[in-house]
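Participant: Dropping in coords_23.pdb, with PDB, C-alpha atoms, pLDDT in the B column.
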MODEL        1
ATOM      1  CA  MET A   3     117.326 115.072 204.490  1.00 69.00           C
ATOM      2  CA  GLU A   4     118.451 116.339 201.343  1.00 77.00           C
ATOM      3  CA  SER A   5     120.311 113.194 200.791  1.00 80.00           C
ATOM      4  CA  LEU A   6     117.182 111.298 201.571  1.00 80.00           C
ATOM      5  CA  GLN A   7     115.326 113.282 198.979  1.00 82.00           C
ATOM      6  CA  TRP A   8     118.091 112.717 196.581  1.00 82.00           C
ATOM      7  CA  LYS A   9     118.025 109.059 197.362  1.00 84.00           C
ATOM      8  CA  GLU A  10     114.246 108.920 196.952  1.00 84.00           C
ATOM      9  CA  GLY A  11     114.535 110.872 193.681  1.00 84.00           C
ATOM     10  CA  MET A  12     117.222 108.472 192.506  1.00 86.00           C
ATOM     11  CA  ASP A  13     115.141 105.468 193.500  1.00 88.00           C
ATOM     12  CA  HIS A  14     112.186 107.003 191.762  1.00 89.00           C
ATOM     13  CA  PHE A  15     114.260 107.627 188.613  1.00 88.00           C
ATOM     14  CA  ALA A  16     115.635 104.106 188.835  1.00 90.00           C
ATOM     15  CA  ALA A  17     112.105 102.714 189.067  1.00 92.00           C
ATOM     16  CA  VAL A  18     111.019 104.903 186.140  1.00 91.00           C
ATOM     17  CA  LYS A  19     114.107 103.813 184.278  1.00 90.00           C
ATOM     18  CA  GLU A  20     113.319 100.148 184.917  1.00 92.00           C
ATOM     19  CA  THR A  21     109.711 100.669 183.890  1.00 93.00           C
ATOM     20  CA  ALA A  22     110.860 102.461 180.741  1.00 91.00           C
ATOM     21  CA  ARG A  23     113.320  99.672 179.997  1.00 92.00           C
ATOM     22  CA  ALA A  24     110.604  97.042 180.528  1.00 92.00           C
ATOM     23  CA  GLN A  25     108.258  98.992 178.238  1.00 92.00           C
ATOM     24  CA  LEU A  26     111.046  99.391 175.688  1.00 91.00           C
ATOM     25  CA  SER A  27     111.821  95.703 175.856  1.00 91.00           C
ATOM     26  CA  SER A  28     108.133  94.889 175.491  1.00 92.00           C
ATOM     27  CA  ALA A  29     107.834  97.298 172.531  1.00 91.00           C
ATOM     28  CA  GLU A  30     110.923  95.761 170.917  1.00 91.00           C
ATOM     29  CA  THR A  31     109.455  92.295 171.421  1.00 91.00           C
ATOM     30  CA  GLN A  32     106.179  93.455 169.862  1.00 91.00           C
ATOM     31  CA  ILE A  33     108.069  95.086 166.997  1.00 89.00           C
ATOM     32  CA  GLN A  34     110.001  91.860 166.412  1.00 90.00           C
ATOM     33  CA  LYS A  35     106.755  89.878 166.496  1.00 89.00           C
ATOM     34  CA  MET A  36     105.180  92.378 164.088  1.00 89.00           C
ATOM     35  CA  LYS A  37     108.221  92.204 161.827  1.00 88.00           C
ATOM     36  CA  GLY A  38     107.964  88.412 161.874  1.00 87.00           C
ATOM     37  CA  LYS A  39     104.258  88.586 161.100  1.00 87.00           C
ATOM     38  CA  GLY A  40     104.970  91.173 158.407  1.00 86.00           C
ATOM     39  CA  LEU A  41     107.587  88.902 156.854  1.00 88.00           C
ATOM     40  CA  VAL A  42     105.190  85.962 156.972  1.00 89.00           C
ATOM     41  CA  GLN A  43     102.439  88.103 155.443  1.00 89.00           C
ATOM     42  CA  ALA A  44     104.827  89.474 152.811  1.00 88.00           C
ATOM     43  CA  SER A  45     105.870  85.927 152.038  1.00 90.00           C
ATOM     44  CA  ARG A  46     102.199  84.869 151.745  1.00 91.00           C
ATOM     45  CA  ILE A  47     101.478  87.892 149.572  1.00 92.00           C
ATOM     46  CA  GLU A  48     104.382  86.989 147.288  1.00 92.00           C
ATOM     47  CA  GLU A  49     103.194  83.380 147.180  1.00 93.00           C
ATOM     48  CA  LEU A  50      99.626  84.452 146.360  1.00 93.00           C
ATOM     49  CA  GLU A  51     100.875  86.866 143.694  1.00 93.00           C
ATOM     50  CA  ALA A  52     102.928  84.042 142.136  1.00 94.00           C
ATOM     51  CA  ARG A  53      99.912  81.704 142.185  1.00 94.00           C
ATOM     52  CA  LEU A  54      97.736  84.454 140.721  1.00 93.00           C
ATOM     53  CA  ALA A  55     100.278  85.076 137.955  1.00 94.00           C
ATOM     54  CA  SER A  56     100.376  81.331 137.222  1.00 94.00           C
ATOM     55  CA  VAL A  57      96.575  81.084 137.100  1.00 94.00           C
ATOM     56  CA  LEU A  58      96.407  84.199 134.916  1.00 94.00           C
ATOM     57  CA  ALA A  59      99.021  82.819 132.507  1.00 94.00           C
ATOM     58  CA  LYS A  60      97.162  79.500 132.329  1.00 95.00           C
ATOM     59  CA  ALA A  61      93.870  81.309 131.688  1.00 94.00           C
ATOM     60  CA  GLU A  62      95.478  83.375 128.921  1.00 94.00           C
ATOM     61  CA  THR A  63      96.921  80.220 127.360  1.00 95.00           C
ATOM     62  CA  ASN A  64      93.521  78.502 127.534  1.00 95.00           C
ATOM     63  CA  ALA A  65      91.839  81.564 126.026  1.00 94.00           C
ATOM     64  CA  GLU A  66      94.344  81.659 123.161  1.00 95.00           C
ATOM     65  CA  LYS A  67      93.882  77.930 122.568  1.00 95.00           C
ATOM     66  CA  ALA A  68      90.095  78.287 122.622  1.00 95.00           C
ATOM     67  CA  LYS A  69      90.319  81.180 120.151  1.00 95.00           C
ATOM     68  CA  ALA A  70      92.586  79.138 117.859  1.00 95.00           C
ATOM     69  CA  ASP A  71      90.158  76.183 118.045  1.00 94.00           C
ATOM     70  CA  ALA A  72      87.214  78.466 117.299  1.00 95.00           C
ATOM     71  CA  ASP A  73      89.079  80.028 114.360  1.00 95.00           C
ATOM     72  CA  ALA A  74      89.846  76.550 113.022  1.00 95.00           C
ATOM     73  CA  LEU A  75      86.184  75.523 113.328  1.00 95.00           C
ATOM     74  CA  VAL A  76      85.072  78.690 111.575  1.00 95.00           C
ATOM     75  CA  ALA A  77      87.531  77.994 108.758  1.00 95.00           C
ATOM     76  CA  VAL A  78      86.221  74.425 108.413  1.00 94.00           C
ATOM     77  CA  TYR A  79      82.598  75.608 108.393  1.00 95.00           C
ATOM     78  CA  ARG A  80      83.394  78.275 105.818  1.00 95.00           C
ATOM     79  CA  ALA A  81      85.096  75.687 103.621  1.00 94.00           C
ATOM     80  CA  ASP A  82      82.064  73.393 104.012  1.00 95.00           C
ATOM     81  CA  VAL A  83      79.717  76.230 103.071  1.00 95.00           C
ATOM     82  CA  GLU A  84      81.803  77.080 100.010  1.00 95.00           C
ATOM     83  CA  ALA A  85      81.920  73.424  98.963  1.00 95.00           C
ATOM     84  CA  THR A  86      78.153  73.147  99.434  1.00 95.00           C
ATOM     85  CA  GLN A  87      77.613  76.258  97.329  1.00 95.00           C
ATOM     86  CA  VAL A  88      79.817  74.820  94.574  1.00 95.00           C
ATOM     87  CA  GLN A  89      77.882  71.553  94.709  1.00 96.00           C
ATOM     88  CA  ALA A  90      74.582  73.441  94.593  1.00 96.00           C
ATOM     89  CA  ARG A  91      75.742  75.341  91.504  1.00 95.00           C
ATOM     90  CA  GLU A  92      76.829  72.081  89.870  1.00 95.00           C
ATOM     91  CA  VAL A  93      73.487  70.462  90.681  1.00 95.00           C
ATOM     92  CA  ALA A  94      71.650  73.486  89.261  1.00 95.00           C
ATOM     93  CA  GLU A  95      73.749  73.356  86.097  1.00 94.00           C
ATOM     94  CA  THR A  96      73.099  69.625  85.772  1.00 93.00           C
ATOM     95  CA  ALA A  97      69.376  70.226  86.276  1.00 94.00           C
ATOM     96  CA  ASP A  98      69.427  72.928  83.578  1.00 94.00           C
ATOM     97  CA  ILE A  99      71.187  70.556  81.175  1.00 93.00           C
ATOM     98  CA  GLN A 100      68.700  67.796  82.013  1.00 92.00           C
ATOM     99  CA  ALA A 101      65.776  70.181  81.486  1.00 93.00           C
ATOM    100  CA  HIS A 102      67.226  71.171  78.116  1.00 93.00           C
ATOM    101  CA  ARG A 103      67.558  67.501  77.176  1.00 91.00           C
ATOM    102  CA  VAL A 104      63.965  66.785  78.189  1.00 92.00           C
ATOM    103  CA  ALA A 105      62.791  69.780  76.147  1.00 93.00           C
ATOM    104  CA  GLU A 106      64.757  68.456  73.153  1.00 90.00           C
ATOM    105  CA  LEU A 107      63.115  65.053  73.622  1.00 90.00           C
ATOM    106  CA  ALA A 108      59.651  66.628  73.685  1.00 92.00           C
ATOM    107  CA  LYS A 109      60.502  68.620  70.562  1.00 91.00           C
ATOM    108  CA  CYS A 110      61.728  65.482  68.742  1.00 89.00           C
ATOM    109  CA  ARG A 111      58.637  63.490  69.759  1.00 90.00           C
ATOM    110  CA  SER A 112      56.382  66.280  68.636  1.00 92.00           C
ATOM    111  CA  ARG A 113      58.157  66.476  65.268  1.00 87.00           C
ATOM    112  CA  ARG A 114      57.934  62.701  64.791  1.00 86.00           C
ATOM    113  CA  GLU A 115      54.265  62.650  65.720  1.00 88.00           C
ATOM    114  CA  THR A 116      53.587  65.501  63.291  1.00 88.00           C
ATOM    115  CA  LEU A 117      55.434  63.636  60.537  1.00 84.00           C
ATOM    116  CA  GLU A 118      53.492  60.444  61.292  1.00 85.00           C
ATOM    117  CA  GLU A 119      50.241  62.391  61.119  1.00 84.00           C
ATOM    118  CA  LEU A 120      51.297  63.860  57.779  1.00 82.00           C
ATOM    119  CA  GLN A 121      52.229  60.406  56.499  1.00 80.00           C
ATOM    120  CA  ALA A 122      48.861  59.115  57.668  1.00 82.00           C
ATOM    121  CA  GLY A 123      47.374  61.880  55.527  1.00 79.00           C
ATOM    122  CA  GLY A 124      48.932  60.328  52.426  1.00 77.00           C
ATOM    123  CA  PHE A 125      52.384  61.840  52.302  1.00 74.00           C
ATOM    124  CA  ASP A 126      55.434  59.563  52.006  1.00 75.00           C
ATOM    125  CA  LEU A 127      57.608  60.680  54.885  1.00 76.00           C
ATOM    126  CA  ALA A 128      59.208  57.355  55.812  1.00 81.00           C
ATOM    127  CA  GLU A 129      62.746  58.775  55.705  1.00 82.00           C
ATOM    128  CA  GLU A 130      61.723  61.817  57.730  1.00 82.00           C
ATOM    129  CA  ILE A 131      59.957  59.633  60.315  1.00 83.00           C
ATOM    130  CA  LYS A 132      62.961  57.304  60.487  1.00 86.00           C
ATOM    131  CA  ARG A 133      65.250  60.320  61.018  1.00 86.00           C
ATOM    132  CA  ALA A 134      62.839  61.785  63.612  1.00 85.00           C
ATOM    133  CA  LYS A 135      62.775  58.456  65.484  1.00 88.00           C
ATOM    134  CA  GLU A 136      66.574  58.401  65.520  1.00 89.00           C
ATOM    135  CA  LEU A 137      66.665  61.970  66.850  1.00 87.00           C
ATOM    136  CA  GLU A 138      64.031  61.091  69.417  1.00 86.00           C
ATOM    137  CA  ALA A 139      66.002  58.026  70.553  1.00 90.00           C
ATOM    138  CA  ASP A 140      69.147  60.128  70.871  1.00 87.00           C
ATOM    139  CA  ALA A 141      67.269  62.817  72.806  1.00 86.00           C
ATOM    140  CA  GLU A 142      65.636  60.204  75.027  1.00 87.00           C
ATOM    141  CA  ALA A 143      69.004  58.627  75.761  1.00 87.00           C
ATOM    142  CA  LEU A 144      70.369  62.029  76.719  1.00 83.00           C
ATOM    143  CA  ALA A 145      67.311  62.920  78.798  1.00 81.00           C
ATOM    144  CA  SER A 146      67.383  59.649  80.728  1.00 82.00           C
ATOM    145  CA  ASP A 147      71.155  59.672  81.137  1.00 72.00           C
ATOM    146  CA  ASN A 148      71.722  59.712  84.914  1.00 58.00           C
ATOM    147  CA  ASP A 149      75.486  59.445  84.724  1.00 51.00           C
ATOM    148  CA  ASP A 150      77.544  62.529  85.395  1.00 47.00           C
ATOM    149  CA  ASP A 151      79.048  62.734  81.926  1.00 52.00           C
ATOM    150  CA  ASP A 152      78.837  66.498  81.923  1.00 48.00           C
ATOM    151  CA  ASN A 153      82.351  67.280  80.741  1.00 46.00           C
ATOM    152  CA  ASP A 154      82.904  69.836  77.993  1.00 44.00           C
ATOM    153  CA  ASP A 155      83.333  67.303  75.163  1.00 44.00           C
ATOM    154  CA  ASP A 156      79.957  65.695  75.887  1.00 44.00           C
ATOM    155  CA  ASN A 157      78.223  69.060  76.207  1.00 43.00           C
ATOM    156  CA  ASP A 158      79.637  70.262  72.902  1.00 42.00           C
ATOM    157  CA  GLY A 159      78.504  67.051  71.251  1.00 41.00           C
ATOM    158  CA  ILE A 160      75.033  67.456  72.692  1.00 39.00           C
ATOM    159  CA  LYS A 161      74.722  71.036  71.564  1.00 40.00           C
ATOM    160  CA  SER A 162      76.013  70.436  68.065  1.00 38.00           C
ATOM    161  CA  GLY A 163      73.892  67.289  67.723  1.00 41.00           C
ATOM    162  CA  SER A 164      70.805  69.079  69.014  1.00 38.00           C
ATOM    163  CA  GLU A 165      71.403  72.029  66.762  1.00 41.00           C
ATOM    164  CA  ASN A 166      71.903  69.815  63.713  1.00 42.00           C
ATOM    165  CA  ARG A 167      69.090  67.417  64.535  1.00 40.00           C
ATOM    166  CA  GLY A 168      66.552  69.935  65.801  1.00 43.00           C
ATOM    167  CA  GLU A 169      66.057  71.599  62.413  1.00 43.00           C
ATOM    168  CA  PRO A 170      65.542  69.576  59.257  1.00 43.00           C
ATOM    169  CA  ASP A 171      67.938  70.170  56.386  1.00 42.00           C
ATOM    170  CA  LYS A 172      66.633  72.048  53.370  1.00 37.00           C
ATOM    171  CA  GLU A 173      66.935  68.870  51.340  1.00 39.00           C
ATOM    172  CA  GLU A 174      64.710  67.036  53.806  1.00 40.00           C
ATOM    173  CA  THR A 175      62.027  69.729  53.698  1.00 40.00           C
ATOM    174  CA  ALA A 176      62.069  69.834  49.924  1.00 38.00           C
ATOM    175  CA  PRO A 177      60.418  66.387  49.527  1.00 42.00           C
ATOM    176  CA  GLU A 178      57.633  67.506  51.851  1.00 41.00           C
ATOM    177  CA  ASP A 179      57.046  70.560  49.696  1.00 40.00           C
ATOM    178  CA  ASP A 180      57.107  68.427  46.559  1.00 40.00           C
ATOM    179  CA  GLN A 181      54.693  65.910  47.994  1.00 41.00           C
ATOM    180  CA  GLU A 182      52.255  68.513  49.259  1.00 39.00           C
ATOM    181  CA  VAL A 183      51.876  69.938  45.763  1.00 30.00           C
TER
ENDMDL
END
Would it be possible to restate this file's structure as structure tokens?

Facilitator:
Amino acid sequence: MESLQWKEGMDHFAAVKETARAQLSSAETQIQKMKGKGLVQASRIEELEARLASVLAKAETNAEKAKADADALVAVYRADVEATQVQAREVAETADIQAHRVAELAKCRSRRETLEELQAGGFDLAEEIKRAKELEADAEALASDNDDDDNDDDNDGIKSGSENRGEPDKEETAPEDDQEV
């Protein structure tokens, strides 16, 4: 009997051993499957990380390009604004010069008209009127001049001519004084 018990115990241990081996084999198979799945997932993760890095690099490149384009546009707009401001200043200066010329014309006309009125009153001012008409014609030519001849030589000529022509010489005023007496 003892041998029967031993035999039953051995059969039982053999069955347990076979069950354990089957479970171990099944666990190893599952571990291998899990390792395979893990490798596939690791491979997919690496692939996704590589794609993400590529997309990120492309996005950074696009952002840098967009920033460079925006900086270039800003530079162009700033240059345009500066050029417009320079043009506006030039137009304002030209308008000031033109206004000065028109004022000179009005002054010359007024002087001529005054001289003509004095001559009509009996004074001989033919030379003065002739000179006033010449000054008026010069002033009118300058006032109606639409060309952009605003270089320094022309401006100096205008100023010196206006200064000389705007006030009569002492010799020219002397005949008026003599004739009034």

Participant: Please report as CSV every residue of segment 60-146 of chain A lying within 12 Å of segment 42-56 of chain A, along with the nearest atom pair and their distance in Å (one decimal), using all atoms listed in the file.

Facilitator:
residue,atom,partner,partner_atom,distance
A:Lys60,CA,A:Ser56,CA,6.1
A:Ala61,CA,A:Ser56,CA,8.5
A:Glu62,CA,A:Ser56,CA,9.9
A:Thr63,CA,A:Ser56,CA,10.5

Participant: Just to confirm, what's the straight-line distance from atom CA of Glu118 of chain A to atom CA of Ala134 of chain A in Å (one decimal)?

Facilitator: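 According to the coordinates, atom CA of Glu118 of chain A and atom CA of Ala134 of chain A are separated by 9.7 Å.
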
Participant: As AutoDock Vina command-line options, please report the centre and edge lengths, rounded to one decimal in Å, of the axis-aligned box that holds all listed atoms of segment 72-85 of chain A with 6 Å of padding on each of the six sides.

Facilitator:
--center_x 84.8 --center_y 76.7 --center_z 108.1 --size_x 22.1 --size_y 18.6 --size_z 30.3

Participant: If you measure from atom CA of Ala141 of chain A to atom CA of Glu106 of chain A, what distance in Å do you get, rounded to one decimal?

Facilitator: 6.2 Å

Participant: Rank A:Ala128, A:Ala145, A:Ala59, A:Cys110 by their smallest atom-to-atom distance to Asp98 of chain A, using only C-alpha atoms, and report the top residue only.

Facilitator: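 Once distances to Asp98 of chain A are computed over only C-alpha atoms, the minimum belongs to A:Ala145.
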
Participant: Using only C-alpha atoms, which residue out of A:Gln100, A:Arg23, A:Leu117, A:Val83 lies closest to Glu142 of chain A?

Facilitator: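 The closest residue to Glu142 of chain A is A:Gln100.
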
Participant: If I take atom CA of Trp8 of chain A and atom CA of Ser28 of chain A, how far is one from the other in Å, to one decimal?

Facilitator: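 Answer for the atom CA of Trp8 of chain A to atom CA of Ser28 of chain A separation: 29.4 Å.
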
Participant: With only C-alpha atoms as the basis for distance, which of A:Val57, A:Arg113, A:Asp140, A:Gln7 is at the shortest distance from Leu127 of chain A?

Facilitator: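 Selected residue with least distance to Leu127 of chain A: A:Arg113.
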